[in-house]
file data04.cif (mmCIF, C-alpha atoms)
data_structure
loop_
_atom_site.group_PDB
_atom_site.id
_atom_site.type_symbol
_atom_site.label_atom_id
_atom_site.label_comp_id
_atom_site.auth_asym_id
_atom_site.auth_seq_id
_atom_site.Cartn_x
_atom_site.Cartn_y
_atom_site.Cartn_z
ATOM 1 C CA MET A 11 0.828 -2.390 -18.776
ATOM 2 C CA ASN A 12 1.569 -5.106 -21.288
ATOM 3 C CA GLN A 13 -1.759 -6.955 -21.393
ATOM 4 C CA PRO A 14 -5.208 -5.746 -22.527
ATOM 5 C CA ALA A 15 -7.692 -5.620 -19.658
ATOM 6 C CA GLN A 16 -10.243 -8.404 -19.263
ATOM 7 C CA PRO A 17 -13.515 -6.988 -17.855
ATOM 8 C CA GLY A 18 -14.406 -8.340 -14.443
ATOM 9 C CA LEU A 19 -11.102 -10.143 -13.963
ATOM 10 C CA LEU A 20 -9.292 -9.580 -10.645
ATOM 11 C CA SER A 21 -5.520 -9.986 -10.971
ATOM 12 C CA ILE A 22 -3.834 -10.760 -7.645
ATOM 13 C CA VAL A 23 -0.135 -9.908 -7.554
ATOM 14 C CA ILE A 24 1.837 -11.418 -4.668
ATOM 15 C CA PRO A 25 5.459 -10.335 -4.124
ATOM 16 C CA ASN A 26 7.551 -13.042 -2.478
ATOM 17 C CA TRP A 27 11.008 -13.198 -0.972
ATOM 18 C CA ASN A 28 11.825 -16.313 1.037
ATOM 19 C CA GLY A 29 8.228 -16.603 2.182
ATOM 20 C CA ILE A 30 7.708 -20.306 1.521
ATOM 21 C CA ARG A 31 6.283 -20.878 5.013
ATOM 22 C CA PHE A 32 3.326 -18.607 4.240
ATOM 23 C CA LEU A 33 2.435 -19.667 0.715
ATOM 24 C CA ALA A 34 0.277 -22.742 1.386
ATOM 25 C CA VAL A 35 -2.175 -20.835 3.586
ATOM 26 C CA CYS A 36 -2.314 -17.852 1.233
ATOM 27 C CA PHE A 37 -2.864 -20.017 -1.867
ATOM 28 C CA ALA A 38 -5.489 -22.200 -0.188
ATOM 29 C CA SER A 39 -7.541 -19.140 0.697
ATOM 30 C CA LEU A 40 -7.319 -17.811 -2.861
ATOM 31 C CA LYS A 41 -8.312 -21.191 -4.283
ATOM 32 C CA ALA A 42 -11.425 -21.076 -2.065
ATOM 33 C CA GLN A 43 -12.725 -17.760 -3.434
ATOM 34 C CA THR A 44 -16.392 -17.679 -4.347
ATOM 35 C CA TYR A 45 -15.717 -15.100 -7.075
ATOM 36 C CA PRO A 46 -14.501 -17.164 -10.042
ATOM 37 C CA HIS A 47 -12.787 -14.557 -12.216
ATOM 38 C CA ILE A 48 -9.343 -14.245 -10.691
ATOM 39 C CA GLU A 49 -5.750 -14.827 -11.721
ATOM 40 C CA VAL A 50 -2.888 -15.204 -9.254
ATOM 41 C CA ILE A 51 0.594 -13.955 -10.108
ATOM 42 C CA VAL A 52 3.544 -14.494 -7.759
ATOM 43 C CA VAL A 53 6.630 -12.405 -8.392
ATOM 44 C CA ASP A 54 9.618 -13.961 -6.660
ATOM 45 C CA ASN A 55 12.544 -11.763 -5.625
ATOM 46 C CA ALA A 56 15.244 -14.418 -6.161
ATOM 47 C CA SER A 57 14.251 -16.482 -3.122
ATOM 48 C CA SER A 58 16.673 -19.104 -1.815
ATOM 49 C CA ASP A 59 14.179 -21.085 0.301
ATOM 50 C CA GLY A 60 12.607 -23.211 -2.421
ATOM 51 C CA SER A 61 9.606 -20.952 -3.046
ATOM 52 C CA GLN A 62 9.919 -21.129 -6.813
ATOM 53 C CA ALA A 63 10.172 -24.917 -6.916
ATOM 54 C CA LEU A 64 7.164 -25.278 -4.624
ATOM 55 C CA ILE A 65 5.005 -23.031 -6.808
ATOM 56 C CA GLU A 66 6.028 -24.791 -10.001
ATOM 57 C CA SER A 67 5.387 -28.273 -8.602
ATOM 58 C CA ASP A 68 2.314 -27.809 -6.401
ATOM 59 C CA TYR A 69 0.469 -24.780 -7.766
ATOM 60 C CA PRO A 70 0.245 -24.944 -11.573
ATOM 61 C CA TRP A 71 -2.668 -22.476 -11.534
ATOM 62 C CA VAL A 72 -0.356 -19.774 -10.157
ATOM 63 C CA THR A 73 1.658 -17.730 -12.655
ATOM 64 C CA LEU A 74 5.263 -17.423 -11.451
ATOM 65 C CA ILE A 75 7.506 -14.549 -12.467
ATOM 66 C CA ALA A 76 11.039 -15.322 -11.246
ATOM 67 C CA LEU A 77 13.196 -12.215 -10.974
ATOM 68 C CA PRO A 78 16.976 -12.640 -11.213
ATOM 69 C CA GLU A 79 17.592 -10.414 -8.167
ATOM 70 C CA ASN A 80 15.701 -8.859 -5.260
ATOM 71 C CA ARG A 81 13.972 -5.779 -6.664
ATOM 72 C CA GLY A 82 12.135 -4.982 -3.463
ATOM 73 C CA PHE A 83 8.430 -4.715 -2.919
ATOM 74 C CA THR A 84 7.994 -2.047 -5.571
ATOM 75 C CA GLY A 85 10.021 -3.817 -8.244
ATOM 76 C CA ALA A 86 8.238 -7.117 -7.711
ATOM 77 C CA CYS A 87 4.783 -5.571 -7.672
ATOM 78 C CA ASN A 88 5.447 -3.513 -10.787
ATOM 79 C CA ALA A 89 6.691 -6.605 -12.647
ATOM 80 C CA GLY A 90 3.497 -8.436 -11.712
ATOM 81 C CA MET A 91 1.192 -5.553 -12.555
ATOM 82 C CA ALA A 92 2.843 -5.206 -15.951
ATOM 83 C CA GLN A 93 1.766 -8.787 -16.758
ATOM 84 C CA ALA A 94 -1.683 -8.618 -15.138
ATOM 85 C CA ARG A 95 -4.706 -8.957 -17.397
ATOM 86 C CA GLY A 96 -7.429 -7.855 -15.006
ATOM 87 C CA GLU A 97 -9.708 -4.847 -14.972
ATOM 88 C CA PHE A 98 -8.805 -4.720 -11.273
ATOM 89 C CA ILE A 99 -5.333 -5.375 -9.879
ATOM 90 C CA CYS A 100 -4.677 -6.332 -6.275
ATOM 91 C CA LEU A 101 -1.384 -6.275 -4.405
ATOM 92 C CA LEU A 102 -1.523 -8.946 -1.711
ATOM 93 C CA ASN A 103 1.155 -9.843 0.807
ATOM 94 C CA ASN A 104 2.346 -13.446 0.825
ATOM 95 C CA ASP A 105 1.723 -13.662 4.600
ATOM 96 C CA THR A 106 -2.032 -13.205 4.354
ATOM 97 C CA GLU A 107 -5.163 -15.321 4.368
ATOM 98 C CA VAL A 108 -8.358 -13.987 2.790
ATOM 99 C CA GLU A 109 -11.954 -14.864 3.510
ATOM 100 C CA PRO A 110 -13.739 -16.829 0.717
ATOM 101 C CA SER A 111 -15.932 -13.806 -0.080
ATOM 102 C CA TRP A 112 -13.007 -11.358 -0.218
ATOM 103 C CA ALA A 113 -12.498 -11.126 -4.003
ATOM 104 C CA GLY A 114 -16.207 -10.806 -4.697
ATOM 105 C CA ALA A 115 -16.545 -8.041 -2.110
ATOM 106 C CA VAL A 116 -13.684 -6.072 -3.660
ATOM 107 C CA VAL A 117 -15.084 -6.302 -7.204
ATOM 108 C CA ASP A 118 -18.577 -5.459 -5.950
ATOM 109 C CA ALA A 119 -17.241 -2.316 -4.240
ATOM 110 C CA PHE A 120 -15.777 -1.091 -7.535
ATOM 111 C CA ALA A 121 -19.052 -1.838 -9.335
ATOM 112 C CA ARG A 122 -21.091 0.173 -6.809
ATOM 113 C CA HIS A 123 -18.677 3.117 -6.781
ATOM 114 C CA PRO A 124 -17.574 3.944 -10.344
ATOM 115 C CA GLY A 125 -15.582 6.988 -9.190
ATOM 116 C CA VAL A 126 -13.418 4.922 -6.869
ATOM 117 C CA GLY A 127 -9.894 4.136 -8.047
ATOM 118 C CA SER A 128 -8.803 1.901 -5.178
ATOM 119 C CA VAL A 129 -10.368 -0.304 -2.522
ATOM 120 C CA ALA A 130 -9.006 -1.010 0.952
ATOM 121 C CA SER A 131 -9.908 -4.247 2.707
ATOM 122 C CA LYS A 132 -10.510 -4.774 6.413
ATOM 123 C CA MET A 133 -7.221 -6.266 7.581
ATOM 124 C CA LEU A 134 -7.146 -8.163 10.865
ATOM 125 C CA LEU A 135 -4.180 -9.630 12.715
ATOM 126 C CA PHE A 136 -3.538 -13.215 11.656
ATOM 127 C CA ASP A 137 -2.831 -14.539 15.135
ATOM 128 C CA LYS A 138 -5.336 -12.300 16.937
ATOM 129 C CA ARG A 139 -8.304 -12.147 14.615
ATOM 130 C CA THR A 140 -10.443 -10.023 16.895
ATOM 131 C CA HIS A 141 -8.022 -7.112 16.453
ATOM 132 C CA LEU A 142 -7.360 -4.778 13.547
ATOM 133 C CA HIS A 143 -4.324 -4.106 11.459
ATOM 134 C CA THR A 144 -6.012 -1.474 9.285
ATOM 135 C CA ALA A 145 -9.403 -0.285 8.123
ATOM 136 C CA GLY A 146 -7.904 1.849 5.387
ATOM 137 C CA ASP A 147 -5.154 4.398 5.840
ATOM 138 C CA PHE A 148 -5.084 8.083 6.741
ATOM 139 C CA PHE A 149 -2.578 10.888 6.239
ATOM 140 C CA THR A 150 -2.189 13.831 8.595
ATOM 141 C CA VAL A 151 -1.454 17.411 7.575
ATOM 142 C CA ASP A 152 1.872 17.241 9.424
ATOM 143 C CA GLY A 153 3.059 14.372 7.247
ATOM 144 C CA ARG A 154 2.221 11.109 9.000
ATOM 145 C CA ALA A 155 0.680 8.083 7.338
ATOM 146 C CA GLY A 156 -1.206 5.684 9.570
ATOM 147 C CA ASN A 157 -3.560 2.721 9.737
ATOM 148 C CA ARG A 158 -7.099 3.398 10.886
ATOM 149 C CA GLY A 159 -7.872 1.284 13.925
ATOM 150 C CA VAL A 160 -4.460 -0.355 14.250
ATOM 151 C CA TRP A 161 -4.261 -2.698 17.293
ATOM 152 C CA GLN A 162 -7.889 -1.945 18.240
ATOM 153 C CA GLU A 163 -10.305 -4.737 19.070
ATOM 154 C CA ASP A 164 -12.787 -5.100 16.226
ATOM 155 C CA VAL A 165 -16.136 -4.424 17.885
ATOM 156 C CA GLY A 166 -17.948 -3.001 14.869
ATOM 157 C CA GLN A 167 -16.482 0.504 14.858
ATOM 158 C CA PHE A 168 -15.347 0.043 11.235
ATOM 159 C CA ASP A 169 -18.319 -1.906 9.904
ATOM 160 C CA GLU A 170 -19.447 0.811 7.472
ATOM 161 C CA GLU A 171 -17.872 1.673 4.141
ATOM 162 C CA ALA A 172 -15.947 4.926 4.160
ATOM 163 C CA TYR A 173 -13.739 7.021 1.932
ATOM 164 C CA VAL A 174 -10.165 6.915 3.212
ATOM 165 C CA PHE A 175 -6.868 8.377 2.065
ATOM 166 C CA SER A 176 -5.302 5.192 0.714
ATOM 167 C CA ALA A 177 -5.201 1.413 0.885
ATOM 168 C CA CYS A 178 -2.494 -0.498 2.735
ATOM 169 C CA GLY A 179 -0.204 -2.226 0.230
ATOM 170 C CA GLY A 180 -0.616 -5.518 2.082
ATOM 171 C CA SER A 181 -4.038 -5.782 0.439
ATOM 172 C CA SER A 182 -4.719 -2.894 -1.927
ATOM 173 C CA THR A 183 -6.804 -3.203 -5.074
ATOM 174 C CA TYR A 184 -6.670 -0.706 -7.925
ATOM 175 C CA ARG A 185 -8.823 0.056 -10.914
ATOM 176 C CA ARG A 186 -6.674 -0.536 -13.965
ATOM 177 C CA ALA A 187 -7.967 2.671 -15.585
ATOM 178 C CA MET A 188 -6.538 4.647 -12.671
ATOM 179 C CA LEU A 189 -3.132 2.962 -12.916
ATOM 180 C CA ASP A 190 -3.062 3.658 -16.646
ATOM 181 C CA GLU A 191 -3.477 7.335 -15.774
ATOM 182 C CA ILE A 192 -1.229 7.840 -12.734
ATOM 183 C CA GLY A 193 1.329 5.051 -13.184
ATOM 184 C CA LEU A 194 2.443 2.130 -11.042
ATOM 185 C CA LEU A 195 4.481 2.140 -7.844
ATOM 186 C CA ASP A 196 7.502 4.441 -7.727
ATOM 187 C CA ASP A 197 10.588 2.217 -7.730
ATOM 188 C CA ASP A 198 12.572 4.875 -5.855
ATOM 189 C CA PHE A 199 10.754 3.750 -2.704
ATOM 190 C CA PHE A 200 11.884 0.090 -2.985
ATOM 191 C CA PHE A 201 10.169 -0.837 0.307
ATOM 192 C CA LEU A 202 7.678 1.038 2.523
ATOM 193 C CA MET A 203 5.437 4.058 1.851
ATOM 194 C CA GLU A 204 5.091 3.190 -1.839
ATOM 195 C CA ASP A 205 1.377 2.509 -1.289
ATOM 196 C CA VAL A 206 0.892 5.916 0.344
ATOM 197 C CA ASP A 207 2.752 7.590 -2.526
ATOM 198 C CA LEU A 208 0.387 5.941 -5.001
ATOM 199 C CA GLY A 209 -2.493 7.051 -2.781
ATOM 200 C CA TRP A 210 -1.261 10.646 -2.969
ATOM 201 C CA ARG A 211 -1.020 10.540 -6.750
ATOM 202 C CA ALA A 212 -4.501 9.038 -6.952
ATOM 203 C CA GLN A 213 -6.029 11.664 -4.655
ATOM 204 C CA LEU A 214 -4.368 14.532 -6.535
ATOM 205 C CA ALA A 215 -5.710 13.144 -9.815
ATOM 206 C CA GLY A 216 -9.244 13.006 -8.385
ATOM 207 C CA TRP A 217 -9.542 9.250 -7.696
ATOM 208 C CA ARG A 218 -11.106 8.271 -4.365
ATOM 209 C CA CYS A 219 -10.225 5.309 -2.158
ATOM 210 C CA LEU A 220 -13.005 3.256 -0.581
ATOM 211 C CA TYR A 221 -12.660 1.135 2.528
ATOM 212 C CA THR A 222 -15.056 -1.803 2.582
ATOM 213 C CA PRO A 223 -15.508 -3.993 5.682
ATOM 214 C CA TYR A 224 -16.915 -6.818 3.560
ATOM 215 C CA ALA A 225 -13.482 -7.744 2.156
ATOM 216 C CA VAL A 226 -11.650 -9.383 5.066
ATOM 217 C CA VAL A 227 -7.940 -10.230 5.162
ATOM 218 C CA TYR A 228 -5.827 -11.722 7.956
ATOM 219 C CA HIS A 229 -2.217 -10.552 8.045
ATOM 220 C CA HIS A 230 0.984 -11.669 9.791
ATOM 221 C CA LEU A 231 1.998 -8.067 10.476
ATOM 222 C CA SER A 232 5.646 -7.400 9.592
ATOM 223 C CA ALA A 233 6.332 -11.070 9.059
ATOM 224 C CA THR A 234 8.671 -10.450 6.105
ATOM 225 C CA GLY A 235 9.964 -6.982 6.883
ATOM 226 C CA GLY A 236 10.565 -4.502 9.693
ATOM 227 C CA GLY A 237 13.231 -3.583 12.231
ATOM 228 C CA VAL A 238 16.311 -1.820 10.934
ATOM 229 C CA THR A 239 15.205 -2.029 7.295
ATOM 230 C CA ALA A 240 11.803 -0.498 8.029
ATOM 231 C CA SER A 241 13.368 2.270 10.149
ATOM 232 C CA TYR A 242 15.730 3.252 7.335
ATOM 233 C CA TYR A 243 13.087 3.337 4.618
ATOM 234 C CA ASP A 244 10.518 5.048 6.835
ATOM 235 C CA GLY A 245 12.950 7.899 7.518
ATOM 236 C CA ARG A 246 13.995 8.130 3.878
ATOM 237 C CA ASN A 247 10.714 7.607 2.076
ATOM 238 C CA THR A 248 8.625 9.979 4.176
ATOM 239 C CA LEU A 249 10.775 12.865 2.955
ATOM 240 C CA ILE A 250 10.584 11.698 -0.667
ATOM 241 C CA LEU A 251 6.819 11.293 -0.353
ATOM 242 C CA LEU A 252 6.336 14.847 0.913
ATOM 243 C CA ALA A 253 8.711 16.312 -1.659
ATOM 244 C CA LYS A 254 6.833 14.722 -4.548
ATOM 245 C CA ASN A 255 3.241 15.117 -3.518
ATOM 246 C CA TYR A 256 2.536 17.786 -0.899
ATOM 247 C CA PRO A 257 1.133 20.842 -2.738
ATOM 248 C CA SER A 258 3.001 24.123 -2.302
ATOM 249 C CA GLU A 259 -0.060 25.959 -1.014
ATOM 250 C CA LEU A 260 -0.599 23.413 1.759
ATOM 251 C CA TRP A 261 3.128 23.290 2.470
ATOM 252 C CA ARG A 262 3.103 27.030 3.180
ATOM 253 C CA LYS A 263 0.159 26.526 5.528
ATOM 254 C CA TYR A 264 1.474 23.466 7.380
ATOM 255 C CA ARG A 265 5.259 23.672 7.037
ATOM 256 C CA GLY A 266 5.570 24.412 10.772
ATOM 257 C CA PRO A 267 3.862 21.187 11.923
ATOM 258 C CA ILE A 268 5.644 19.175 9.203
ATOM 259 C CA LEU A 269 9.101 20.418 10.190
ATOM 260 C CA ARG A 270 8.387 20.012 13.887
ATOM 261 C CA ARG A 271 7.344 16.402 13.336
ATOM 262 C CA GLN A 272 10.484 15.614 11.345
ATOM 263 C CA TRP A 273 12.682 17.304 13.942
ATOM 264 C CA LYS A 274 10.977 15.342 16.712
ATOM 265 C CA MET A 275 11.667 12.071 14.883
ATOM 266 C CA ALA A 276 15.315 13.032 14.339
ATOM 267 C CA ARG A 277 15.718 14.129 17.979
ATOM 268 C CA GLU A 278 14.234 10.868 19.267
ATOM 269 C CA ALA A 279 16.542 8.864 17.005
ATOM 270 C CA LEU A 280 19.552 10.875 18.168
ATOM 271 C CA GLY A 281 18.554 10.211 21.764
ATOM 272 C CA ALA A 282 18.517 6.483 21.058
ATOM 273 C CA TRP A 283 21.514 6.444 18.720
ATOM 274 C CA ARG A 284 23.011 3.353 20.350
ATOM 275 C CA GLY A 285 20.163 1.309 18.889
ATOM 276 C CA GLU A 286 20.514 -0.050 15.373
ATOM 277 C CA ALA A 287 16.989 1.011 14.371
ATOM 278 C CA ALA A 288 17.580 4.597 15.556
ATOM 279 C CA ARG A 289 20.815 4.847 13.582
ATOM 280 C CA ALA A 290 19.058 3.375 10.547
ATOM 281 C CA ARG A 291 16.347 6.020 10.777
ATOM 282 C CA LEU A 292 18.942 8.793 10.883
ATOM 283 C CA ARG A 293 20.725 7.314 7.856
ATOM 284 C CA GLY A 294 17.386 7.113 6.098
ATOM 285 C CA MET A 295 16.514 10.729 6.833
ATOM 286 C CA LEU A 296 19.907 11.835 5.517
ATOM 287 C CA ALA A 297 19.424 9.733 2.389
ATOM 288 C CA GLY A 298 15.974 11.269 1.952
ATOM 289 C CA LEU A 299 17.386 14.794 2.129
ATOM 290 C CA LEU A 300 20.055 13.937 -0.430
ATOM 291 C CA ALA A 301 17.406 12.438 -2.730
ATOM 292 C CA LEU A 302 15.151 15.510 -2.740
ATOM 293 C CA PRO A 303 16.665 17.300 -5.775
ATOM 294 C CA GLY A 304 16.077 14.196 -7.878
ATOM 295 C CA GLN A 305 12.361 14.220 -7.033
ATOM 296 C CA MET A 306 11.631 17.698 -8.383
ATOM 297 C CA GLY A 307 10.957 16.505 -11.930
ATOM 298 C CA LYS A 308 8.379 14.027 -10.659
ATOM 299 C CA ARG A 309 6.878 16.712 -8.460
ATOM 300 C CA ARG A 310 6.358 19.068 -11.391
ATOM 301 C CA VAL A 311 4.487 16.396 -13.360
ATOM 302 C CA ILE A 312 2.318 15.334 -10.418
ATOM 303 C CA GLN A 313 1.354 18.864 -9.414
ATOM 304 C CA LYS A 314 0.710 19.893 -13.018
ATOM 305 C CA ASN A 315 -1.746 17.023 -13.412
ATOM 306 C CA ARG A 316 -3.590 17.748 -10.167
ATOM 307 C CA ARG A 317 -7.367 17.796 -10.688
ATOM 308 C CA ILE A 318 -8.605 17.980 -7.099
ATOM 309 C CA SER A 319 -9.161 21.348 -5.427
ATOM 310 C CA LEU A 320 -7.041 22.291 -2.434
ATOM 311 C CA ALA A 321 -10.150 22.500 -0.262
ATOM 312 C CA THR A 322 -11.201 18.979 -1.229
ATOM 313 C CA LEU A 323 -7.699 17.635 -0.678
ATOM 314 C CA GLU A 324 -7.400 19.301 2.713
ATOM 315 C CA ALA A 325 -10.707 17.701 3.713
ATOM 316 C CA VAL A 326 -9.266 14.276 2.861
ATOM 317 C CA LEU A 327 -6.280 14.837 5.157
ATOM 318 C CA THR A 328 -6.716 14.518 8.904
ATOM 319 C CA HIS A 329 -5.620 17.195 11.358
ATOM 320 C CA SER A 330 -4.805 14.731 14.117
ATOM 321 C CA ASP A 331 -4.539 11.006 14.655
ATOM 322 C CA ALA A 332 -8.319 10.840 15.167
ATOM 323 C CA GLU A 333 -8.555 8.600 12.087
ATOM 324 C CA SER A 334 -12.056 9.723 11.133
ATOM 325 C CA ALA A 335 -13.376 9.138 7.635
ATOM 326 C CA PRO A 336 -16.542 10.178 5.778
ATOM 327 C CA LYS A 337 -19.105 7.482 5.154
ATOM 328 C CA ALA A 338 -19.424 6.293 1.572
ATOM 329 C CA THR A 339 -22.719 6.992 -0.175
#

call {"tool": "encode", "arguments": {"input": "data04.cif", "output": "structure tokens"}}
result
Amino acid sequence: MNQPAQPGLLSIVIPNWNGIRFLAVCFASLKAQTYPHIEVIVVDNASSDGSQALIESDYPWVTLIALPENRGFTGACNAGMAQARGEFICLLNNDTEVEPSWAGAVVDAFARHPGVGSVASKMLLFDKRTHLHTAGDFFTVDGRAGNRGVWQEDVGQFDEEAYVFSACGGSSTYRRAMLDEIGLLDDDFFFLMEDVDLGWRAQLAGWRCLYTPYAVVYHHLSATGGGVTASYYDGRNTLILLAKNYPSELWRKYRGPILRRQWKMAREALGAWRGEAARARLRGMLAGLLALPGQMGKRRVIQKNRRISLATLEAVLTHSDAESAPKAT
């Protein structure tokens, strides 16, 4: 990253593409933070809706990075992280609203857990604030990433801190020291699963992810993405993710469940081939297969630098969609 780290500073990087309708609420919530040491960086993916002009005229305290073309979620986030000055760097969706205590809770979690490389917030649905989007993410041995508690009513079942697999990219905060070691988002992903890929690299390098219920975010789920685009990149990026990160020893143990899951997804898409999303998923899976040879160099580096034992890694993965997680101590 280009800037020296400032201790205690939280850099908030917000990727934006034609999201002008969300910015006022997001910025107002950041302006209301009780933790004073923050900087806000918006990276705009060549929006055509007036987002850049609005930021320049109404929000002089926001740093704007205007990209000449749409570089996707990964490209925008990486451009922002490269300019961030904070000891901690957060990726925050433009369609979110954060509680006033959110930034302070995130920084406090890092302070109390020096071995933690990333922090996951409690994300609730923007329009249904009694229900969860995610309480940190999990990853199953058969190759599925998921949100803990998604769609569930929030009745206190996720009110304790816990170690989870990774943090959802809609509100994920990283220790700069970890990013310096494992790198930023992989631009090959462009959109979707890039946060899980970073979570894999962090876990393999021995960095834990902490979910804290004290950092609360409200999210317009899939407000600026989804549908055909999400289906394509989900099919494609899942295969790239597994090719890069899944250790050979665990692959030999779980290749049956992994292949069965991929075949099930392909079969379901074939059965619904008249739908645009199903056809997009099939195109994505084909693109993922064609991309696998190009991922082998990355795989060699990642696996060579692995510091976590296979037993510890296997304990982090879940064997079903039970979404359990060990309590943080």

call {"tool": "atom_distance", "arguments": {"input": "data04.cif", "atom1": "atom CA of Arg122 of chain A", "atom2": "atom CA of Leu220 of chain A"}}
result
10.7 Å

call {"tool": "resolve_selection", "arguments": {"input": "data04.cif", "expression": "the PyMOL selection byres ((chain A and resi 32) around 10)", "output": "ChimeraX atom specification"}}
result
/A:26,28-31,33-37,61,103-107,230,233-234

call {"tool": "write_last_selection", "arguments": {"input": "data04.cif", "atoms": "C-alpha atoms", "output": "tab-separated table (two decimals), keeping the file's coordinate frame"}}
result
chain	number	residue	atom	x	y	z
A	26	ASN	CA	7.55	-13.04	-2.48
A	28	ASN	CA	11.82	-16.31	1.04
A	29	GLY	CA	8.23	-16.60	2.18
A	30	ILE	CA	7.71	-20.31	1.52
A	31	ARG	CA	6.28	-20.88	5.01
A	33	LEU	CA	2.44	-19.67	0.72
A	34	ALA	CA	0.28	-22.74	1.39
A	35	VAL	CA	-2.17	-20.84	3.59
A	36	CYS	CA	-2.31	-17.85	1.23
A	37	PHE	CA	-2.86	-20.02	-1.87
A	61	SER	CA	9.61	-20.95	-3.05
A	103	ASN	CA	1.16	-9.84	0.81
A	104	ASN	CA	2.35	-13.45	0.82
A	105	ASP	CA	1.72	-13.66	4.60
A	106	THR	CA	-2.03	-13.20	4.35
A	107	GLU	CA	-5.16	-15.32	4.37
A	230	HIS	CA	0.98	-11.67	9.79
A	233	ALA	CA	6.33	-11.07	9.06
A	234	THR	CA	8.67	-10.45	6.10

call {"tool": "residues_around", "arguments": {"input": "data04.cif", "residues": "Ile75 of chain A", "least_positions_apart": "4", "cutoff": "7 Å", "atoms": "only C-alpha atoms", "output": "PyMOL selection string"}}
result
chain A and resi 52-54

call {"tool": "closest_atom_pairs", "arguments": {"input": "data04.cif", "of": "segment 58-155 of chain A", "to": "segment 311-333 of chain A", "cutoff": "7 Å", "atoms": "only C-alpha atoms", "output": "CSV"}}
result
residue,atom,partner,partner_atom,distance
A:Phe148,CA,A:Glu333,CA,6.4
A:Phe149,CA,A:Leu327,CA,5.5
A:Thr150,CA,A:Thr328,CA,4.6
A:Val151,CA,A:His329,CA,5.6

call {"tool": "atom_distance", "arguments": {"input": "data04.cif", "atom1": "atom CA of Ala113 of chain A", "atom2": "atom CA of Ile65 of chain A"}}
result
21.4 Å

call {"tool": "atom_distance", "arguments": {"input": "data04.cif", "atom1": "atom CA of Asp147 of chain A", "atom2": "atom CA of Ser176 of chain A"}}
result
5.2 Å

call {"tool": "resolve_selection", "arguments": {"input": "data04.cif", "expression": "the PyMOL selection byres ((chain A and resi 18) around 6)", "output": "short mmCIF file (atom, residue, chain, number, x, y, z; two decimals) with C-alpha atoms, keeping the file's coordinate frame"}}
result
data_model
loop_
_atom_site.label_atom_id
_atom_site.label_comp_id
_atom_site.auth_asym_id
_atom_site.auth_seq_id
_atom_site.Cartn_x
_atom_site.Cartn_y
_atom_site.Cartn_z
CA PRO A 17 -13.52 -6.99 -17.86
CA LEU A 19 -11.10 -10.14 -13.96
CA GLU A 97 -9.71 -4.85 -14.97
#

call {"tool": "resolve_selection", "arguments": {"input": "data04.cif", "expression": "the PyMOL selection byres ((chain A and resi 158) around 6)", "output": "short mmCIF file (atom, residue, chain, number, x, y, z; two decimals) with C-alpha atoms, in the coordinates of the input"}}
result
data_model
loop_
_atom_site.label_atom_id
_atom_site.label_comp_id
_atom_site.auth_asym_id
_atom_site.auth_seq_id
_atom_site.Cartn_x
_atom_site.Cartn_y
_atom_site.Cartn_z
CA THR A 144 -6.01 -1.47 9.28
CA ALA A 145 -9.40 -0.28 8.12
CA GLY A 146 -7.90 1.85 5.39
CA ASP A 147 -5.15 4.40 5.84
CA ASN A 157 -3.56 2.72 9.74
CA GLY A 159 -7.87 1.28 13.92
CA VAL A 160 -4.46 -0.36 14.25
CA GLU A 333 -8.56 8.60 12.09
#

call {"tool": "closest_residue", "arguments": {"input": "data04.cif", "among": "A:Ala121, A:Met295, A:Met275, A:Cys100", "to": "Ser181 of chain A", "atoms": "only C-alpha atoms"}}
result
A:Cys100

call {"tool": "closest_atom_pairs", "arguments": {"input": "data04.cif", "of": "segment 73-145 of chain A", "to": "segment 39-43 of chain A", "cutoff": "8 Å", "atoms": "all atoms listed in the file", "output": "tab-separated table"}}
result
residue	atom	partner	partner_atom	distance
A:Glu107	CA	A:Ser39	CA	5.8
A:Val108	CA	A:Ser39	CA	5.6
A:Glu109	CA	A:Ser39	CA	6.8
A:Pro110	CA	A:Gln43	CA	4.4
A:Ser111	CA	A:Gln43	CA	6.1
A:Trp112	CA	A:Gln43	CA	7.2
A:Ala113	CA	A:Gln43	CA	6.7
A:Gly114	CA	A:Gln43	CA	7.9

call {"tool": "closest_residue", "arguments": {"input": "data04.cif", "among": "A:His123, A:Arg291, A:Arg186, A:Arg139", "to": "Asp244 of chain A", "atoms": "only C-alpha atoms"}}
result
A:Arg291

call {"tool": "residues_around", "arguments": {"input": "data04.cif", "residues": "Asp169 of chain A", "least_positions_apart": "6", "cutoff": "10 Å", "atoms": "only C-alpha atoms", "output": "list of chain:residue names"}}
result
A:Lys132, A:Ala145, A:Tyr221, A:Thr222, A:Pro223, A:Tyr224

call {"tool": "residues_around", "arguments": {"input": "data04.cif", "residues": "Gln16 of chain A", "least_positions_apart": "6", "cutoff": "10 Å", "atoms": "only C-alpha atoms", "output": "MDAnalysis selection string"}}
result
chainID A and resid 47 94:98

call {"tool": "residues_around", "arguments": {"input": "data04.cif", "residues": "Leu135 of chain A", "least_positions_apart": "2", "cutoff": "8 Å", "atoms": "all atoms listed in the file", "output": "MDAnalysis selection string"}}
result
chainID A and resid 133 137:143 228:231

call {"tool": "residues_near_point", "arguments": {"input": "data04.cif", "point": "(17.6, 9.7, 1.3)", "cutoff": "12 Å", "atoms": "all atoms listed in the file", "output": "ChimeraX atom specification"}}
result
/A:198-200,242-251,253,290-305

call {"tool": "residues_near_point", "arguments": {"input": "data04.cif", "point": "(-11.8, -1.6, -1.8)", "cutoff": "9 Å", "atoms": "only C-alpha atoms", "output": "list in words"}}
result
Ala115, Val116, Val117, Asp118, Ala119, Phe120, Val126, Gly127, Ser128, Val129, Ala130, Ser131, Lys132, Gly146, Ala177, Ser182, Thr183, Tyr184, Cys219, Leu220, Tyr221, Thr222, Pro223 and Ala225 of chain A
